[in-house]
Amino acid sequence: MTQTRNQEIRLKELAQAIGGRLQGSGEIIVTGVASLEEAQTGDLVFVANPKLHAVARSSKASAMLVSEPLANETRPQILTPNPLYAFARIVREFFIPIPPPRGIAQEVIRGTDVQIGPDVSIHPFVTIGDRAKIGTRVTLYPGVYLGNDTIIGDDSILYPQVTVLQGCTVGARVILHSGTVIGSDGFGYVQHEGRHHKIPQMGTVVIEDDVELGANVTVDRATLGQTIIKRGTKIDNQVQIAHNVQVGENCVIVAQVGIAGSTTIGNSVMIGGQAGLIDHLTIGDGAKIAAGSGLSHNLMPGQIVIGRPAIDHITWLKSQALAPKLPEFRDQLRNLKARVEELEKQLAPPRRHQKKKS
Amino acid sequence: MTQTRNQEIRLKELAQAIGGRLQGSGEIIVTGVASLEEAQTGDLVFVANPKLHAVARSSKASAMLVSEPLANETRPQILTPNPLYAFARIVREFFIPIPPPRGIAQEVIRGTDVQIGPDVSIHPFVTIGDRAKIGTRVTLYPGVYLGNDTIIGDDSILYPQVTVLQGCTVGARVILHSGTVIGSDGFGYVQHEGRHHKIPQMGTVVIEDDVELGANVTVDRATLGQTIIKRGTKIDNQVQIAHNVQVGENCVIVAQVGIAGSTTIGNSVMIGGQAGLIDHLTIGDGAKIAAGSGLSHNLMPGQIVIGRPAIDHITWLKSQALAPKLPEFRDQLRNLKARVEELEKQLAPPRRHQKKKS
Amino acid sequence: MTQTRNQEIRLKELAQAIGGRLQGSGEIIVTGVASLEEAQTGDLVFVANPKLHAVARSSKASAMLVSEPLANETRPQILTPNPLYAFARIVREFFIPIPPPRGIAQEVIRGTDVQIGPDVSIHPFVTIGDRAKIGTRVTLYPGVYLGNDTIIGDDSILYPQVTVLQGCTVGARVILHSGTVIGSDGFGYVQHEGRHHKIPQMGTVVIEDDVELGANVTVDRATLGQTIIKRGTKIDNQVQIAHNVQVGENCVIVAQVGIAGSTTIGNSVMIGGQAGLIDHLTIGDGAKIAAGSGLSHNLMPGQIVIGRPAIDHITWLKSQALAPKLPEFRDQLRNLKARVEELEKQLAPPRRHQKKKS
């Protein structure tokens, strides 16, 4: 959650900050950032790729970040290999106000032996359990609950109503959006005489550095040991991570995905929205699971799958294109059968024919 | 969340309130409302359509709202074209207690320059950010968080633990159920050297008048610009609306639907539960997307689709009916192939036959 | 959410507690519990089935719960028919600290005529509505909201940010995980002149004894009457239960399932993750609905279904295995058609052949 601040800065300073090559005047004053469509005079925009050059030409922006320069363009341009990345850096560095730390509100409940670093912003109605450790510059919004023996790393932001239950660990520069729950009990029962008996969930959750979890995500604690989300992984809203799951580094998991117990996911894996993975799978590095897939087998590194059940995406594309043709296939089968019967009748000796009919 | 109050009112008053035609005595006293099955003496019920006349006859209700009168019925009936609509109006007007406004609880944290209208009910443990504007008769239940520069329109109700983050706007007569999050960051990253770098999400969310969002819904703020849900749209529990999505007027979106970034949905669109829409789609007015569908292409106005991948619903029905017949088709294909080979053998000149076998 | 306490207990006491048969010395001291892989000296482990005997042999555990004794094993073993069940009992009885009741925090808001039993733990920032009844040894974590006229049975635990709205009832020994919402409005509207008008949701929710609901679950109140979850049923994270649904006893419903309005589910039904059930279905006792299924018809007791649309699982397995072969089938059809045409040409009298061509 961010908001631009009023800012006036020379274009050449921005070019310098991102190491981009300036084409045109660096002396103009940039007052804001915007999308190509919404830009007004004074705004800096990014042109993600050359296909957008036509749109860029009609934009009202005063300056552009581009990967290839627009031809016959009089407005100044900054050349940079990844304009969106450069834009993100400029916005963060120059256009997002960093609020001064608020300190600790009066209406915060603290347990015993709590450690809190300097320059934190702890809002009202936050509860901090015994022996919790809160790093430097951490922000805890209203309604955040930290259980006993939790750890929150430096510069992390926990939005309103986030719950981090007993014994769980959150790394540095982690962002947890509103309503997200870390460390709810894993879904584990043992059946005995027709009833389900709870298996105590004694493990914890570890969220490593630079992870971001969307709103209303749930990450269950391990039965024994740890549920782990490794550094740099980004998870969208309403994702469910079951007990003892391990998610590797730099993965991207889109909204409403569900990952069942003890599944292990490699590094740089991408999982599309609403996909589901059953328990105890192993997913290789760099695998891609398309949106809506239902996966019930392991994946090799780099494998790409889609569908319910999930299969190789090329095979899926071919078979899905033909599924609507099933009625046509049925009709063709019937037609061929009739014609083959007719041919058989013509060729068959009378006796054999009669035998067939009986 | 509502509860009936004890009430005693003459049937003719109810008939008058909804402009219905009374058949039988209007002097009886109605003391409550109920379903056909649970009604007791004194209760008013609605008979949604004539198919339920038999059930209505055996109901213990004292009076009925009907679209066609029950034959040989001695109990009084109110004739009205849409009995359920009439029932809803009567319940709301006569049987739901309107609690007196509670004012602002002591345990509320207010920022600076907050504006609050008259007759509000602001419960304990609510946090209101700087410059927030709260309309007349607004109800904020415990745990509600309103960020800086938020606006809540007249008569809106925010249930416990609702989060409306910085800069987001909620219209009049809006209902947000518990745990719903408005304005979490959109899921936007730019890849650079194998890592995912956050694209600052600087836009906001606009929820227009008469919208209702269920419990634990998430609506992400736009990257730049606005995520919009237009007037009169009703959204069920656990729906995910990504950044820069636009949902038109009077849509109905059932539980657990996910709509990916920048998709634009027309007016009066219906989306069944657990459906998923990929990003950057355009859905025409009045389109219908069946429950569980996975949509990855634009829809024309009025189009009806179903399936993963979503296709025309008539085509889908035909092909789905045949999917279980695939083993039969395979067997028929094998059988035909054998018979064709046999026919070819019989017809073929010896040389050609041998050539084929090699 | 649990954590083991430091404990020193003789193995024979544990064997006795669960009625297991001890093989080897009962005098050793057990200091902890762990998984086979993570066990250290002093730990007790369980060997779920004989397939794990090899893993058990290399475990560092000091004692084991087994269903069949490991051969040539010098470490003591406790024989018990269901080692996991025995393990769960031992952990709960001997290794989970029972915190002393905290009483009622100062920062709790109470309505009028509230009844609270003895030995409760009511944390700060909890809100309790008028006439609420809270049983013995109930734990309410920070941020819990109980509406007017709610009832919470003995020994129940409500984790942070749980919302139980007006008039809803929660039984004894119930566990509600963080962010779960009981009693949000059912999703009911009546259309009139192109707009959706809210049908007042006047019913309630009843959660019976020994139910567990995961994190961020939503259970809507009935339109009229009750939404019911019967005793012993276990529900995972992010499940959606719509208005007037009835879930039977001892069911297991895995994460992200959605059940639409008025559907009735029998006892001991199992529903896999991300499955969806449409409204007004009746599901027989002991039915099994596989993960990701989309069900739109009733099920008989014991029926097993899978798929979207859900069909008999044997039929599904056969047809799904063939779906990727559709391109092959199409090619075979084309090939056969050509060969039949060739045969027909050879056999046909010239006149007939020409007729066909026209």
# chains A, B, ... in the order shown; residues from 1 in each chain; ligands from 1
>>> closest_atom_pairs(of="chain A", to="chain C", cutoff="7 Å", atoms="only C-alpha atoms", output="CSV")
residue,atom,partner,partner_atom,distance
A:Phe125,CA,C:Phe125,CA,6.8
A:Gly143,CA,C:Gly143,CA,6.8
A:Gln161,CA,C:Gln161,CA,6.9
A:Thr163,CA,C:Pro160,CA,6.8
A:Gly179,CA,C:Gly179,CA,6.6
A:Val181,CA,C:Ser178,CA,6.6
A:Ser184,CA,C:Met1,CA,6.4
A:Asp185,CA,C:Met1,CA,5.4
A:Phe187,CA,C:Asp236,CA,6.1
A:Val190,CA,C:Tyr85,CA,5.8
A:Arg195,CA,C:Asn250,CA,6.1
A:His196,CA,C:Asn250,CA,6.8
A:Ile199,CA,C:Ala88,CA,5.1
A:Pro200,CA,C:Ala88,CA,6.3
A:Gln201,CA,C:Thr2,CA,6.1
A:Met202,CA,C:Gln3,CA,5.2
A:Asn216,CA,C:Asn216,CA,6.9
A:Thr218,CA,C:Ala215,CA,6.6
A:Leu224,CA,C:Ser35,CA,6.4
A:Gly294,CA,C:Gly292,CA,6.9
A:Thr315,CA,C:Pro324,CA,6.1
A:Trp316,CA,C:Pro324,CA,6.6
A:Lys318,CA,C:Pro327,CA,6.6
A:Ser319,CA,C:Pro324,CA,5.2
A:Leu322,CA,C:Leu326,CA,6.5
A:Leu336,CA,C:Lys337,CA,6.7
A:Val340,CA,C:Val340,CA,6.9
>>> residues_around(residues="C:His297", least_positions_apart="4", cutoff="12 Å", atoms="only C-alpha atoms", output="PyMOL selection string")
chain C and resi 263-264+276-284+289+293+303+305+308-312
>>> atom_distance(atom1="atom CA of B:Met270", atom2="atom CA of B:Asn49")
22.7 Å
>>> atom_distance(atom1="atom CA of C:Asp155", atom2="atom CA of C:Gly117")
10.2 Å
>>> residues_around(residues="stretch 156-158 of chain B", least_positions_apart="4", cutoff="9 Å", atoms="only C-alpha atoms", output="list in words")
Gly135, Thr136, Arg137, Val138, Thr139, Leu140, Tyr141, Val144, Ile152, Val162, Thr163, Val170, Gly171, Ala172, Arg173, Val174, Ile175, Leu176, His177, Ser178, Asp209 and Asp210 of chain B
>>> write_last_selection(atoms="C-alpha atoms", output="short mmCIF file (atom, residue, chain, number, x, y, z; two decimals), in the first residue's frame")
data_model
loop_
_atom_site.label_atom_id
_atom_site.label_comp_id
_atom_site.auth_asym_id
_atom_site.auth_seq_id
_atom_site.Cartn_x
_atom_site.Cartn_y
_atom_site.Cartn_z
CA GLY B 135 -20.91 9.41 6.26
CA THR B 136 -24.22 9.54 8.07
CA ARG B 137 -25.54 6.46 9.88
CA VAL B 138 -22.41 4.42 9.07
CA THR B 139 -21.82 1.33 11.23
CA LEU B 140 -18.25 0.22 11.92
CA TYR B 141 -18.01 -3.00 13.93
CA VAL B 144 -12.52 -2.28 11.49
CA ILE B 152 -17.15 5.59 3.67
CA VAL B 162 -12.92 -5.30 7.75
CA THR B 163 -9.87 -3.47 6.42
CA VAL B 170 -16.59 3.02 -0.33
CA GLY B 171 -19.99 4.32 -1.53
CA ALA B 172 -23.36 4.62 0.18
CA ARG B 173 -25.42 1.67 1.41
CA VAL B 174 -22.45 -0.63 0.92
CA ILE B 175 -22.16 -3.77 3.07
CA LEU B 176 -18.71 -5.28 3.69
CA HIS B 177 -18.74 -8.55 5.59
CA SER B 178 -16.19 -9.68 8.16
CA ASP B 209 -23.10 2.58 -4.00
CA ASP B 210 -25.28 -0.41 -3.10
#
>>> residues_around(residues="C:Ile109", least_positions_apart="3", cutoff="7 Å", atoms="only C-alpha atoms", output="MDAnalysis selection string")
chainID C and resid 126:128
>>> select_by_dssp(residues="stretch 122-289 of chain A", states="strand (DSSP E)", output="VMD selection string")
chain A and resid 122 127 to 128 133 to 134 139 to 140 145 to 146 151 to 152 157 to 158 163 to 164 169 to 170 175 to 176 181 to 184 189 to 192 195 to 198 204 to 207 212 to 213 218 to 220 226 to 229 234 to 235 240 to 241 246 to 247 252 to 253 258 to 259 264 to 265 270 to 271 276 to 277 282 to 283 288 to 289
>>> select_by_dssp(residues="stretch 46-95 of chain C", states="helix (DSSP H, G or I)", output="JSON, numbers by chain")
{"C": [50, 51, 52, 53, 54, 55, 56, 57, 58, 83, 84, 85, 86, 87, 88, 89, 90, 91, 92, 93, 94, 95]}
>>> residues_around(residues="C:Ala15", least_positions_apart="6", cutoff="7 Å", atoms="only C-alpha atoms", output="JSON list (two decimals) with N, CA, C and O atoms, in the first residue's frame")
[["chain", "number", "residue", "atom", "x", "y", "z"],
["C", 21, "ARG", "N", 1.20, -52.75, 24.66],
["C", 21, "ARG", "CA", 2.03, -53.83, 25.20],
["C", 21, "ARG", "C", 3.50, -53.44, 25.03],
["C", 21, "ARG", "O", 3.94, -53.11, 23.93],
["C", 22, "LEU", "N", 4.23, -53.47, 26.11],
["C", 22, "LEU", "CA", 5.61, -53.03, 26.09],
["C", 22, "LEU", "C", 6.54, -54.17, 25.72],
["C", 22, "LEU", "O", 6.42, -55.27, 26.25],
["C", 78, "ILE", "N", 6.51, -50.02, 21.98],
["C", 78, "ILE", "CA", 5.16, -50.22, 22.53],
["C", 78, "ILE", "C", 4.26, -50.69, 21.38],
["C", 78, "ILE", "O", 4.14, -50.00, 20.37]]
>>> atom_distance(atom1="atom CA of B:Thr227", atom2="atom CA of B:Asp149")
16.3 Å
>>> closest_residue(among="B:Ala71, B:Val45, B:Val257, B:Ile241", to="B:Ala290", atoms="only C-alpha atoms")
B:Val257
